>>> print(open('query.cif').read())   # mmCIF, C-alpha atoms
data_work
loop_
_atom_site.label_atom_id
_atom_site.label_comp_id
_atom_site.auth_asym_id
_atom_site.auth_seq_id
_atom_site.Cartn_x
_atom_site.Cartn_y
_atom_site.Cartn_z
CA MET Q 23 -273.27 129.59 26.20
CA THR Q 24 -271.78 128.28 22.96
CA GLU Q 25 -268.24 129.28 22.24
CA ASN Q 26 -267.72 130.50 18.70
CA SER Q 27 -264.55 128.72 17.72
CA VAL Q 28 -264.63 125.17 16.44
CA TYR Q 29 -261.71 123.13 17.73
CA ASP Q 30 -259.97 120.68 15.41
CA VAL Q 31 -259.72 118.12 18.18
CA ILE Q 32 -261.29 117.83 21.61
CA ILE Q 33 -259.80 115.10 23.79
CA ILE Q 34 -261.85 113.83 26.72
CA GLY Q 35 -259.67 112.43 29.49
CA GLY Q 36 -256.23 113.38 30.82
CA GLY Q 37 -254.61 110.03 31.47
CA PRO Q 38 -251.63 108.72 29.47
CA ALA Q 39 -253.74 108.10 26.32
CA GLY Q 40 -255.39 111.52 26.27
CA LEU Q 41 -252.22 113.43 27.13
CA THR Q 42 -250.26 111.66 24.40
CA ALA Q 43 -253.03 112.36 21.89
CA GLY Q 44 -252.73 115.98 23.01
CA LEU Q 45 -248.97 115.96 22.55
CA TYR Q 46 -249.25 114.63 18.99
CA ALA Q 47 -252.15 116.89 18.02
CA ALA Q 48 -250.40 119.98 19.42
CA ARG Q 49 -247.19 119.14 17.56
CA ALA Q 50 -249.25 118.75 14.39
CA ARG Q 51 -250.41 122.35 15.03
CA LEU Q 52 -254.02 121.34 15.33
CA ASN Q 53 -256.27 123.52 17.47
CA VAL Q 54 -256.66 121.02 20.29
CA LEU Q 55 -258.27 121.16 23.72
CA LEU Q 56 -258.07 118.47 26.38
CA LEU Q 57 -260.83 118.20 29.00
CA GLU Q 58 -260.12 116.51 32.33
CA GLN Q 59 -262.41 116.59 35.34
CA MET Q 60 -259.68 115.87 37.91
CA GLY Q 61 -255.89 116.11 38.01
CA PHE Q 62 -253.84 114.69 35.11
CA GLY Q 63 -252.75 111.08 35.19
CA GLY Q 64 -255.91 108.99 35.29
CA GLN Q 65 -255.49 105.55 36.81
CA LEU Q 66 -251.73 106.13 36.91
CA LEU Q 67 -252.39 108.14 40.06
CA THR Q 68 -253.56 105.05 41.94
CA TYR Q 69 -250.19 103.29 41.58
CA GLU Q 70 -246.94 103.77 43.43
CA LYS Q 71 -244.34 102.82 40.87
CA VAL Q 72 -244.20 101.90 37.19
CA ASP Q 73 -241.67 99.21 36.32
CA ASN Q 74 -242.56 98.36 32.72
CA TYR Q 75 -242.56 101.69 30.89
CA PRO Q 76 -239.53 101.79 28.58
CA GLY Q 77 -236.86 104.41 29.19
CA PHE Q 78 -236.76 104.12 32.98
CA PRO Q 79 -234.43 101.19 33.76
CA GLU Q 80 -234.99 101.51 37.51
CA GLY Q 81 -238.72 102.14 37.18
CA ILE Q 82 -240.35 105.51 37.87
CA GLY Q 83 -242.82 106.83 40.43
CA ALA Q 84 -246.34 106.90 39.04
CA PHE Q 85 -246.95 110.54 40.03
CA GLY Q 86 -243.64 111.53 38.50
CA LEU Q 87 -244.48 109.85 35.21
CA ALA Q 88 -247.92 111.51 35.11
CA GLU Q 89 -246.24 114.90 35.64
CA LEU Q 90 -243.64 114.26 32.95
CA ILE Q 91 -246.22 113.20 30.36
CA SER Q 92 -248.43 116.23 31.03
CA ALA Q 93 -245.50 118.67 31.08
CA GLN Q 94 -244.35 117.38 27.71
CA ALA Q 95 -247.81 117.82 26.16
CA LEU Q 96 -248.14 121.33 27.61
CA ARG Q 97 -244.73 122.33 26.22
CA PHE Q 98 -246.15 122.03 22.69
CA GLY Q 99 -249.14 124.22 23.40
CA LEU Q 100 -251.85 121.73 24.29
CA GLN Q 101 -254.77 123.69 25.75
CA VAL Q 102 -256.37 122.08 28.78
CA ARG Q 103 -259.48 122.75 30.78
CA ASN Q 104 -260.57 121.32 34.12
CA ALA Q 105 -264.18 120.43 33.42
CA GLU Q 106 -266.67 117.62 33.66
CA VAL Q 107 -268.34 116.66 30.37
CA LEU Q 108 -272.08 116.31 30.90
CA SER Q 109 -273.03 114.99 27.47
CA LEU Q 110 -271.88 114.61 23.88
CA ASP Q 111 -273.64 114.94 20.56
CA LEU Q 112 -271.54 113.14 17.98
CA THR Q 113 -274.02 112.61 15.16
CA ASP Q 114 -273.39 115.79 13.15
CA LYS Q 115 -270.23 116.59 11.23
CA ILE Q 116 -269.39 119.19 13.90
CA LYS Q 117 -269.44 117.47 17.30
CA THR Q 118 -270.94 119.15 20.37
CA ILE Q 119 -269.50 118.77 23.86
CA ILE Q 120 -271.68 120.00 26.69
CA LEU Q 121 -270.05 121.18 29.92
CA ALA Q 122 -271.73 122.55 33.02
CA ASP Q 123 -271.05 126.16 31.99
CA SER Q 124 -270.49 126.09 28.24
CA VAL Q 125 -270.93 124.24 24.97
CA LEU Q 126 -267.90 123.39 22.88
CA ARG Q 127 -267.68 122.36 19.22
CA ALA Q 128 -265.07 120.27 17.46
CA ARG Q 129 -264.35 118.63 14.11
CA THR Q 130 -263.06 115.49 15.82
CA VAL Q 131 -263.33 113.98 19.29
CA ILE Q 132 -260.89 111.58 20.92
CA LEU Q 133 -262.47 109.57 23.73
CA ALA Q 134 -259.83 108.75 26.34
CA THR Q 135 -262.05 108.44 29.40
CA GLY Q 136 -260.32 105.31 30.69
CA ALA Q 137 -261.63 102.78 33.12
CA ALA Q 138 -262.31 102.37 36.83
CA PRO Q 139 -262.06 99.43 39.23
CA ASN Q 140 -264.92 96.96 39.21
CA LYS Q 141 -266.94 96.31 42.29
CA LEU Q 142 -267.16 92.68 43.35
CA GLY Q 143 -270.89 93.01 43.97
CA VAL Q 144 -271.20 91.22 47.30
CA LYS Q 145 -273.12 92.00 50.45
CA GLY Q 146 -271.39 94.56 52.62
CA GLU Q 147 -269.20 96.01 49.87
CA THR Q 148 -270.99 99.32 49.32
CA GLU Q 149 -271.80 99.91 52.99
CA LEU Q 150 -268.20 99.28 54.07
CA THR Q 151 -266.41 101.20 51.28
CA GLY Q 152 -264.07 103.58 53.07
CA ARG Q 153 -264.48 101.55 56.26
CA GLY Q 154 -262.25 98.67 55.31
CA VAL Q 155 -263.21 98.08 51.67
CA SER Q 156 -260.71 99.77 49.36
CA TYR Q 157 -259.87 99.92 45.67
CA CYS Q 158 -256.52 101.72 46.03
CA ALA Q 159 -253.67 100.16 48.01
CA VAL Q 160 -251.37 103.16 47.63
CA CYS Q 161 -254.07 105.42 49.09
CA ASP Q 162 -255.18 103.30 52.00
CA ALA Q 163 -252.39 100.85 52.92
CA PRO Q 164 -250.99 103.10 55.68
CA PHE Q 165 -254.29 102.75 57.59
CA TYR Q 166 -253.57 99.02 58.01
CA ARG Q 167 -250.20 99.08 59.71
CA ASP Q 168 -249.58 95.75 61.50
CA GLN Q 169 -253.07 94.49 60.68
CA GLU Q 170 -254.28 91.53 58.60
CA VAL Q 171 -255.82 92.36 55.23
CA ALA Q 172 -257.09 90.53 52.17
CA VAL Q 173 -256.62 91.22 48.48
CA VAL Q 174 -259.27 89.89 46.10
CA GLY Q 175 -258.09 89.08 42.57
CA GLY Q 176 -255.30 87.26 40.78
CA GLY Q 177 -254.19 89.58 37.99
CA ASP Q 178 -251.19 91.91 37.74
CA THR Q 179 -252.77 94.70 39.76
CA ALA Q 180 -253.97 92.39 42.55
CA ILE Q 181 -250.60 90.74 43.02
CA GLU Q 182 -248.54 93.93 42.72
CA GLU Q 183 -250.76 95.65 45.25
CA ALA Q 184 -250.57 92.65 47.59
CA VAL Q 185 -246.78 93.02 47.56
CA TYR Q 186 -247.11 96.77 48.18
CA LEU Q 187 -249.46 96.16 51.14
CA THR Q 188 -246.82 94.02 52.89
CA LYS Q 189 -244.89 97.25 53.54
CA PHE Q 190 -247.58 98.08 56.08
CA ALA Q 191 -249.80 95.10 56.91
CA ALA Q 192 -248.73 92.22 59.14
CA LYS Q 193 -250.24 89.66 56.78
CA VAL Q 194 -251.82 89.81 53.32
CA HIS Q 195 -254.17 87.05 52.17
CA VAL Q 196 -254.69 86.86 48.42
CA VAL Q 197 -258.13 85.43 47.64
CA HIS Q 198 -258.52 84.23 44.06
CA ARG Q 199 -261.34 82.26 42.49
CA ARG Q 200 -259.15 80.17 40.21
CA GLU Q 201 -256.51 77.54 40.89
CA ARG Q 202 -253.74 79.66 39.40
CA LEU Q 203 -252.95 83.38 39.37
CA ARG Q 204 -253.22 85.29 36.10
CA ALA Q 205 -250.47 87.80 36.92
CA THR Q 206 -247.29 88.12 34.83
CA PRO Q 207 -244.71 85.55 36.03
CA VAL Q 208 -242.20 88.14 37.26
CA ILE Q 209 -244.90 89.68 39.45
CA GLN Q 210 -246.02 86.28 40.77
CA GLU Q 211 -242.42 85.43 41.73
CA LYS Q 212 -242.19 88.57 43.87
CA ALA Q 213 -245.34 87.54 45.72
CA PHE Q 214 -244.32 83.89 46.21
CA ASP Q 215 -241.03 85.09 47.72
CA ASN Q 216 -242.81 87.32 50.22
CA GLU Q 217 -243.37 85.64 53.59
CA LYS Q 218 -246.18 88.00 54.54
CA ILE Q 219 -248.36 86.87 51.63
CA SER Q 220 -250.56 83.78 51.80
CA PHE Q 221 -252.75 82.47 48.98
CA ILE Q 222 -256.33 81.28 49.30
CA LEU Q 223 -257.08 79.86 45.86
CA CYS Q 224 -260.27 78.40 44.37
CA SER Q 225 -262.22 80.65 46.72
CA VAL Q 226 -264.77 83.41 46.25
CA VAL Q 227 -265.88 86.12 48.64
CA THR Q 228 -269.59 85.76 49.39
CA GLU Q 229 -269.96 88.52 51.98
CA ILE Q 230 -267.95 91.27 53.62
CA GLN Q 231 -268.69 91.34 57.33
CA GLY Q 232 -268.42 94.37 59.53
CA SER Q 233 -270.18 97.17 61.36
CA ARG Q 234 -269.99 100.97 61.65
CA GLN Q 235 -266.52 100.39 63.11
CA GLY Q 236 -265.40 98.77 59.87
CA VAL Q 237 -264.67 95.45 58.22
CA CYS Q 238 -264.04 92.49 60.54
CA GLY Q 239 -263.98 89.57 58.12
CA LEU Q 240 -264.76 87.93 54.80
CA GLU Q 241 -267.07 85.02 54.26
CA LEU Q 242 -265.43 82.73 51.72
CA ARG Q 243 -266.72 79.78 49.74
CA ASP Q 244 -264.39 77.14 48.38
CA THR Q 245 -265.36 76.54 44.75
CA ARG Q 246 -264.26 72.87 44.91
CA ASP Q 247 -266.31 71.60 47.85
CA SER Q 248 -268.51 74.65 48.59
CA ALA Q 249 -267.15 74.79 52.13
CA VAL Q 250 -267.85 78.13 53.77
CA SER Q 251 -265.31 79.81 56.04
CA VAL Q 252 -264.65 83.20 57.60
CA LEU Q 253 -261.34 85.01 57.19
CA PRO Q 254 -260.85 87.60 59.93
CA VAL Q 255 -259.34 90.74 58.36
CA SER Q 256 -259.73 94.45 59.03
CA GLY Q 257 -259.38 95.48 55.41
CA VAL Q 258 -260.09 94.11 51.96
CA PHE Q 259 -258.63 95.48 48.74
CA MET Q 260 -260.55 94.71 45.55
CA PHE Q 261 -258.73 94.22 42.25
CA VAL Q 262 -261.27 92.31 40.20
CA GLY Q 263 -260.89 93.95 36.84
CA ILE Q 264 -262.04 97.27 35.46
CA LYS Q 265 -265.13 98.77 33.89
CA PRO Q 266 -265.20 101.45 31.17
CA ASN Q 267 -265.90 105.08 32.07
CA SER Q 268 -268.55 105.28 29.38
CA LYS Q 269 -271.41 107.11 31.09
CA ILE Q 270 -271.21 110.15 28.81
CA ILE Q 271 -270.56 108.24 25.59
CA PRO Q 272 -273.73 108.11 23.47
CA PRO Q 273 -275.09 104.76 22.19
CA VAL Q 274 -274.25 105.73 18.58
CA VAL Q 275 -270.65 104.77 19.39
CA GLU Q 276 -270.37 101.01 19.01
CA ARG Q 277 -269.14 99.06 22.03
CA ASP Q 278 -268.77 95.51 23.28
CA GLU Q 279 -270.97 93.78 25.88
CA ALA Q 280 -268.87 95.13 28.74
CA GLY Q 281 -269.18 98.68 27.38
CA PHE Q 282 -265.67 99.16 26.01
CA ILE Q 283 -265.51 101.05 22.70
CA CYS Q 284 -264.84 99.17 19.47
CA THR Q 285 -262.25 100.76 17.17
CA ASP Q 286 -260.34 99.74 14.08
CA LYS Q 287 -256.54 99.61 14.14
CA GLU Q 288 -256.42 103.35 13.43
CA MET Q 289 -258.47 104.07 16.62
CA ALA Q 290 -261.53 105.12 14.59
CA THR Q 291 -264.86 104.30 16.23
CA SER Q 292 -268.12 103.51 14.43
CA VAL Q 293 -268.81 107.28 14.23
CA PRO Q 294 -266.84 109.29 11.60
CA GLY Q 295 -264.56 111.83 13.28
CA VAL Q 296 -264.73 110.10 16.66
CA PHE Q 297 -261.68 108.19 17.86
CA ALA Q 298 -260.91 106.31 21.06
CA ALA Q 299 -257.63 105.65 22.87
CA GLY Q 300 -256.43 103.83 25.96
CA ASP Q 301 -258.32 101.68 28.45
CA ILE Q 302 -261.75 102.72 27.15
CA ARG Q 303 -261.08 100.69 23.99
CA VAL Q 304 -261.72 97.01 23.40
CA LYS Q 305 -258.17 95.61 23.60
CA ALA Q 306 -256.19 92.75 25.11
CA LEU Q 307 -253.38 94.59 26.89
CA ARG Q 308 -254.27 97.61 29.01
CA GLN Q 309 -250.98 99.25 29.95
CA ILE Q 310 -249.50 102.75 29.93
CA VAL Q 311 -247.29 101.74 27.03
CA THR Q 312 -250.28 100.67 24.91
CA ALA Q 313 -252.36 103.68 25.98
CA VAL Q 314 -249.75 106.16 24.75
CA GLY Q 315 -249.50 104.30 21.44
CA ASP Q 316 -253.27 104.52 21.05
CA GLY Q 317 -253.16 108.24 21.85
CA ALA Q 318 -250.55 108.97 19.19
CA THR Q 319 -252.42 106.91 16.59
CA ALA Q 320 -255.75 108.55 17.40
CA ALA Q 321 -254.32 112.08 17.11
CA PHE Q 322 -252.56 111.28 13.84
CA ASN Q 323 -255.74 109.87 12.33
CA ALA Q 324 -257.85 112.75 13.63
CA GLY Q 325 -255.50 115.04 11.68
CA ARG Q 326 -255.91 112.94 8.53
CA TYR Q 327 -259.68 112.90 8.92
CA ILE Q 328 -259.73 116.71 9.13
CA GLU Q 329 -257.59 117.01 6.00
CA SER Q 330 -259.95 114.82 3.98
CA ASN Q 331 -263.26 116.09 5.34
CA PHE Q 332 -262.93 119.83 5.96
CA MET O 10 -253.81 126.09 47.40
CA ALA O 11 -256.65 128.51 46.88
CA GLY O 12 -256.81 131.27 49.45
CA ASN O 13 -260.18 130.27 50.86
CA ILE O 14 -259.28 126.73 51.83
CA ILE O 15 -258.11 126.36 55.40
CA GLU O 16 -255.83 123.67 56.78
CA VAL O 17 -257.26 121.98 59.87
CA THR O 18 -255.32 119.92 62.41
CA ASP O 19 -256.09 117.60 65.30
CA GLY O 20 -255.79 120.71 67.47
CA SER O 21 -257.96 123.12 65.48
CA PHE O 22 -260.63 120.69 64.26
CA GLU O 23 -263.04 121.19 67.18
CA GLN O 24 -263.13 124.94 66.77
CA GLU O 25 -262.82 125.27 62.98
CA VAL O 26 -265.13 122.44 61.99
CA LEU O 27 -267.35 121.15 64.79
CA GLN O 28 -268.15 124.61 66.19
CA SER O 29 -268.44 126.31 62.83
CA ASP O 30 -271.64 128.23 62.10
CA LEU O 31 -271.29 127.41 58.41
CA PRO O 32 -271.37 123.88 56.99
CA VAL O 33 -267.82 122.64 56.47
CA LEU O 34 -266.49 120.39 53.70
CA VAL O 35 -263.37 118.61 54.97
CA ASP O 36 -261.06 116.92 52.46
CA PHE O 37 -259.06 114.22 54.26
CA TRP O 38 -255.94 113.64 52.19
CA ALA O 39 -252.25 112.73 52.23
CA PRO O 40 -249.33 113.58 49.96
CA TRP O 41 -248.81 109.95 48.86
CA CYS O 42 -252.38 109.52 47.66
CA GLY O 43 -252.84 109.94 43.90
CA PRO O 44 -256.63 110.21 43.85
CA CYS O 45 -256.28 112.94 46.53
CA ARG O 46 -254.15 114.89 44.07
CA ALA O 47 -256.67 114.13 41.36
CA ILE O 48 -259.57 115.73 43.24
CA ALA O 49 -257.57 118.63 44.71
CA PRO O 50 -258.46 120.96 41.80
CA VAL O 51 -262.14 120.01 42.18
CA VAL O 52 -262.08 120.89 45.89
CA GLU O 53 -260.52 124.26 45.01
CA GLU O 54 -263.28 124.91 42.49
CA LEU O 55 -265.95 124.01 45.04
CA SER O 56 -264.44 126.51 47.46
CA ALA O 57 -264.75 129.20 44.81
CA ASP O 58 -268.22 128.09 43.63
CA TYR O 59 -269.86 128.10 47.07
CA GLY O 60 -268.06 131.17 48.38
CA ALA O 61 -269.47 132.32 51.71
CA LYS O 62 -272.06 129.51 51.92
CA LEU O 63 -269.55 126.78 52.67
CA LYS O 64 -266.29 126.55 54.55
CA VAL O 65 -263.75 124.29 52.84
CA ALA O 66 -260.94 122.66 54.82
CA LYS O 67 -258.20 120.13 54.21
CA CYS O 68 -256.90 117.72 56.82
CA ASN O 69 -253.61 115.92 56.20
CA VAL O 70 -254.13 112.47 57.75
CA ASP O 71 -250.37 111.87 57.97
CA ASP O 72 -249.82 114.82 60.27
CA ASN O 73 -253.15 114.51 62.10
CA PRO O 74 -254.00 110.91 63.00
CA LYS O 75 -256.53 111.60 65.77
CA ILE O 76 -259.38 113.17 63.83
CA PRO O 77 -259.43 110.60 60.99
CA GLY O 78 -259.37 107.86 63.65
CA LYS O 79 -262.29 109.44 65.48
CA PHE O 80 -264.41 109.43 62.32
CA GLY O 81 -263.38 105.90 61.30
CA ILE O 82 -261.64 107.06 58.14
CA ARG O 83 -259.66 104.23 56.57
CA ALA O 84 -259.60 105.38 52.97
CA ILE O 85 -258.61 108.61 51.30
CA PRO O 86 -259.63 110.82 49.76
CA THR O 87 -262.64 111.04 52.04
CA LEU O 88 -264.80 114.15 51.90
CA ILE O 89 -267.08 114.80 54.87
CA ILE O 90 -269.60 117.61 55.11
CA PHE O 91 -270.15 118.67 58.71
CA LYS O 92 -273.16 120.69 59.78
CA ASN O 93 -273.69 121.83 63.37
CA GLY O 94 -270.88 119.54 64.50
CA ASN O 95 -272.35 116.41 62.93
CA VAL O 96 -271.47 114.35 59.86
CA SER O 97 -274.11 115.14 57.22
CA GLU O 98 -272.62 113.58 54.11
CA GLN O 99 -269.58 111.40 53.46
CA ILE O 100 -267.96 110.55 50.12
CA THR O 101 -265.07 108.13 49.71
CA GLY O 102 -262.75 108.12 46.71
CA ALA O 103 -262.19 110.52 43.84
CA VAL O 104 -265.61 111.14 42.31
CA ALA O 105 -267.02 113.55 39.74
CA LYS O 106 -267.66 117.12 40.79
CA SER O 107 -271.40 116.73 40.14
CA GLN O 108 -271.57 113.95 42.74
CA ILE O 109 -269.89 116.17 45.33
CA THR O 110 -272.10 119.17 44.55
CA ALA O 111 -275.18 116.94 44.89
CA ALA O 112 -274.04 116.04 48.42
CA ILE O 113 -273.21 119.66 49.31
CA ASP O 114 -276.55 120.90 48.00
CA LYS O 115 -278.38 118.57 50.38
CA VAL O 116 -276.67 120.30 53.30
CA VAL O 117 -276.21 123.88 52.11
CA GLY O 118 -279.65 125.41 51.81
#
>>> encode(input="query.cif", output="structure tokens")
Amino acid sequence: MTENSVYDVIIIGGGPAGLTAGLYAARARLNVLLLEQMGFGGQLLTYEKVDNYPGFPEGIGAFGLAELISAQALRFGLQVRNAEVLSLDLTDKIKTIILADSVLRARTVILATGAAPNKLGVKGETELTGRGVSYCAVCDAPFYRDQEVAVVGGGDTAIEEAVYLTKFAAKVHVVHRRERLRATPVIQEKAFDNEKISFILCSVVTEIQGSRQGVCGLELRDTRDSAVSVLPVSGVFMFVGIKPNSKIIPPVVERDEAGFICTDKEMATSVPGVFAAGDIRVKALRQIVTAVGDGATAAFNAGRYIESNF
Amino acid sequence: MAGNIIEVTDGSFEQEVLQSDLPVLVDFWAPWCGPCRAIAPVVEELSADYGAKLKVAKCNVDDNPKIPGKFGIRAIPTLIIFKNGNVSEQITGAVAKSQITAAIDKVVG
């Protein structure tokens, strides 16, 4: 069933980038619809607290921030629909968005589908997901009260989540393949000061060991001397980067080797009338504060595009 | 919460889920879990979509530690589809609705 009206803007994704695009488009009095397949907030919902978003000197709870951003967009009349996008046709001047139960049309599309945690890709990972292998410390930390766990990764997320896990776990081992962590210094300092955290550097996970009962250990290989060892833990939390949520994005939209979407500084993609914002873009700094900036820029330029082309 | 979704506890699980004549989708969740909030609207939709063919239940793992322990649940959200008292399908993490319906359709004839 094709709906008759043609939207000015359809935004795909209800994280900080998409919601901010919605806020700006609604304030510009564009006819804008945001599609989100789950609750609003995107990856924000997997964190406990946000300490680096300006305006909140004491930090703010991640859920709370997600609610505030969505409430603000809704106040200006952003229309939203809870729906999964099955496919997109972006080649014509009027873009087509196919949902399970309807077909929508729009003059411009803003892709704000975000990113998801990478898998490490080692033996045992898939089989033991949910049985000791986790990608969300806030979700699963309480299952590891007084137990020993490992965190794999050395970036901001890995180290922040390692610190969070010490609220529950008896001991947190951070396994990182390099000699030094990549995390922001202020985050590293918090971890170095925490007695429950130990660091296993220059080491990679080669296998996750366990049974139906769950994870019992990690097989590690030292990258310097190739020595193999086993770290007995009942849980392992993976924070080894992110991958783009690009399944529905057609190949006509140019992207990099990892699948992130290439844009110019105005958030325009290789396809006229199609913009991208937030973590789905090729960019150096993936943060809430940069996602909301992208969203505002994308909505502004979608408005300009409509003025010149329709 | 949608009217059709029932809340199950350690005490009511045996009767409501394991002895149910209908297949039962149980959403194991907790208030502090963001991805659980993210899929909550999807679970409500599924309850409406499948109507009388599927019972949909939520189990708060904070208030009910025994049942999640029994099924080895160490991550939430976890969705389990029970049929005739057995685990038929299990999904961990917030996933797209189409992935959940694919699992349900294997169990619900």
>>> resolve_selection(input="query.cif", expression="the PyMOL selection byres ((chain Q) within 7 of (chain O))", output="VMD selection string")
chain Q and resid 60 to 62 67 to 68 152 to 154 156 160 to 162 165 235
>>> residues_near_point(input="query.cif", point="(-256.1, 85.2, 33.2)", cutoff="8 Å", atoms="only C-alpha atoms", output="PyMOL selection string")
chain Q and resi 176-177+203-205
>>> atom_distance(input="query.cif", atom1="CA of Ser92 in chain Q", atom2="CA of Glu288 in chain Q")
23.2 Å
>>> closest_residue(input="query.cif", among="Q:Ile34, Q:Ala163, Q:Val28, Q:Ala320", to="Thr291 in chain Q", atoms="all atoms listed in the file")
Q:Ala320
>>> residues_around(input="query.cif", residues="Ser292 in chain Q", least_positions_apart="5", cutoff="8 Å", atoms="only C-alpha atoms", output="PDB file with C-alpha atoms, in the frame of the given file")
ATOM      1  CA  VAL Q 274    -274.250 105.730  18.580  1.00  0.00           C
ATOM      2  CA  VAL Q 275    -270.650 104.770  19.390  1.00  0.00           C
ATOM      3  CA  GLU Q 276    -270.370 101.010  19.010  1.00  0.00           C
ATOM      4  CA  CYS Q 284    -264.840  99.170  19.470  1.00  0.00           C
ATOM      5  CA  THR Q 285    -262.250 100.760  17.170  1.00  0.00           C
TER       6      THR Q 285
END
>>> axis_aligned_box(input="query.cif", around="range 29-39 of chain O", padding_each_side="5 Å", output="AutoDock Vina command-line options")
--center_x -261.9 --center_y 120.5 --center_z 57.5 --size_x 29.4 --size_y 25.5 --size_z 20.6
>>> resolve_selection(input="query.cif", expression="the PyMOL selection byres ((chain Q and resi 210) around 12)", output="VMD selection string")
chain Q and resid 176 to 185 196 202 to 209 211 to 216 219 221
>>> residues_around(input="query.cif", residues="Ser56 in chain O", least_positions_apart="3", cutoff="10 Å", atoms="only C-alpha atoms", output="list of chain:residue names")
O:Ala11, O:Gly12, O:Asn13, O:Ile14, O:Leu34, O:Pro50, O:Val51, O:Val52, O:Glu53, O:Tyr59, O:Gly60, O:Ala61, O:Lys62, O:Leu63, O:Lys64, O:Val65, O:Ala66
>>> atom_distance(input="query.cif", atom1="CA of Arg97 in chain Q", atom2="CA of Ala48 in chain Q")
9.2 Å
>>> resolve_selection(input="query.cif", expression="the PyMOL selection byres ((chain O and resi 29) around 9)", output="PyMOL selection string")
chain O and resi 23-28+30-33+64+91-94
>>> atom_distance(input="query.cif", atom1="CA of Ala324 in chain Q", atom2="CA of Phe85 in chain Q")
28.6 Å
>>> residues_around(input="query.cif", residues="Arg277 in chain Q", least_positions_apart="4", cutoff="12 Å", atoms="all atoms listed in the file", output="VMD selection string")
chain Q and resid 266 268 271 to 273 281 to 286 291 to 293 298 302 to 305
>>> write_last_selection(input="query.cif", atoms="C-alpha atoms", output="compact mmCIF listing (two decimals), in the coordinates of the input")
# COMPACT_ATOMS: atom_id res chain seq x y z
CA PRO Q 266 -265.20 101.45 31.17
CA SER Q 268 -268.55 105.28 29.38
CA ILE Q 271 -270.56 108.24 25.59
CA PRO Q 272 -273.73 108.11 23.47
CA PRO Q 273 -275.09 104.76 22.19
CA GLY Q 281 -269.18 98.68 27.38
CA PHE Q 282 -265.67 99.16 26.01
CA ILE Q 283 -265.51 101.05 22.70
CA CYS Q 284 -264.84 99.17 19.47
CA THR Q 285 -262.25 100.76 17.17
CA ASP Q 286 -260.34 99.74 14.08
CA THR Q 291 -264.86 104.30 16.23
CA SER Q 292 -268.12 103.51 14.43
CA VAL Q 293 -268.81 107.28 14.23
CA ALA Q 298 -260.91 106.31 21.06
CA ILE Q 302 -261.75 102.72 27.15
CA ARG Q 303 -261.08 100.69 23.99
CA VAL Q 304 -261.72 97.01 23.40
CA LYS Q 305 -258.17 95.61 23.60
>>> closest_residue(input="query.cif", among="Q:Ala318, Q:Ala306, Q:Ala159, Q:Ile270", to="Gly257 in chain Q", atoms="all atoms listed in the file")
Q:Ala159
>>> residues_near_point(input="query.cif", point="(-259.3, 115.1, 66.1)", cutoff="7 Å", atoms="all atoms listed in the file", output="VMD selection string")
chain O and resid 19 to 20 22 75 to 77 79
>>> closest_residue(input="query.cif", among="Q:Val237, Q:Leu112, Q:Leu55, Q:Ile91", to="Ile310 in chain Q", atoms="all atoms listed in the file")
Q:Ile91
>>> decode(input="query.cif", residues="range 223-232 of chain Q", atoms="N, CA and C atoms", output="PDB file, in the first residue's frame")
ATOM      1  N   LEU Q 223      48.129  -6.745  28.528  1.00  0.00           N
ATOM      2  CA  LEU Q 223      48.385  -6.028  27.279  1.00  0.00           C
ATOM      3  C   LEU Q 223      49.135  -6.923  26.296  1.00  0.00           C
ATOM      4  N   CYS Q 224      49.243  -6.454  25.068  1.00  0.00           N
ATOM      5  CA  CYS Q 224      49.919  -7.222  23.999  1.00  0.00           C
ATOM      6  C   CYS Q 224      49.367  -8.638  23.927  1.00  0.00           C
ATOM      7  N   SER Q 225      48.069  -8.794  24.099  1.00  0.00           N
ATOM      8  CA  SER Q 225      47.486 -10.135  24.093  1.00  0.00           C
ATOM      9  C   SER Q 225      46.195 -10.140  23.293  1.00  0.00           C
ATOM     10  N   VAL Q 226      45.980 -11.229  22.564  1.00  0.00           N
ATOM     11  CA  VAL Q 226      44.742 -11.378  21.805  1.00  0.00           C
ATOM     12  C   VAL Q 226      44.004 -12.631  22.270  1.00  0.00           C
ATOM     13  N   VAL Q 227      42.680 -12.564  22.181  1.00  0.00           N
ATOM     14  CA  VAL Q 227      41.858 -13.720  22.522  1.00  0.00           C
ATOM     15  C   VAL Q 227      41.831 -14.642  21.305  1.00  0.00           C
ATOM     16  N   THR Q 228      42.152 -15.897  21.490  1.00  0.00           N
ATOM     17  CA  THR Q 228      42.126 -16.830  20.362  1.00  0.00           C
ATOM     18  C   THR Q 228      40.935 -17.774  20.437  1.00  0.00           C
ATOM     19  N   GLU Q 229      40.365 -17.935  21.618  1.00  0.00           N
ATOM     20  CA  GLU Q 229      39.188 -18.797  21.753  1.00  0.00           C
ATOM     21  C   GLU Q 229      38.458 -18.468  23.047  1.00  0.00           C
ATOM     22  N   ILE Q 230      37.141 -18.580  22.997  1.00  0.00           N
ATOM     23  CA  ILE Q 230      36.350 -18.453  24.226  1.00  0.00           C
ATOM     24  C   ILE Q 230      35.909 -19.857  24.606  1.00  0.00           C
ATOM     25  N   GLN Q 231      36.289 -20.274  25.807  1.00  0.00           N
ATOM     26  CA  GLN Q 231      36.010 -21.647  26.225  1.00  0.00           C
ATOM     27  C   GLN Q 231      34.775 -21.693  27.113  1.00  0.00           C
ATOM     28  N   GLY Q 232      34.016 -22.741  26.967  1.00  0.00           N
ATOM     29  CA  GLY Q 232      32.833 -22.874  27.804  1.00  0.00           C
ATOM     30  C   GLY Q 232      31.980 -24.038  27.349  1.00  0.00           C
TER      31      GLY Q 232
END
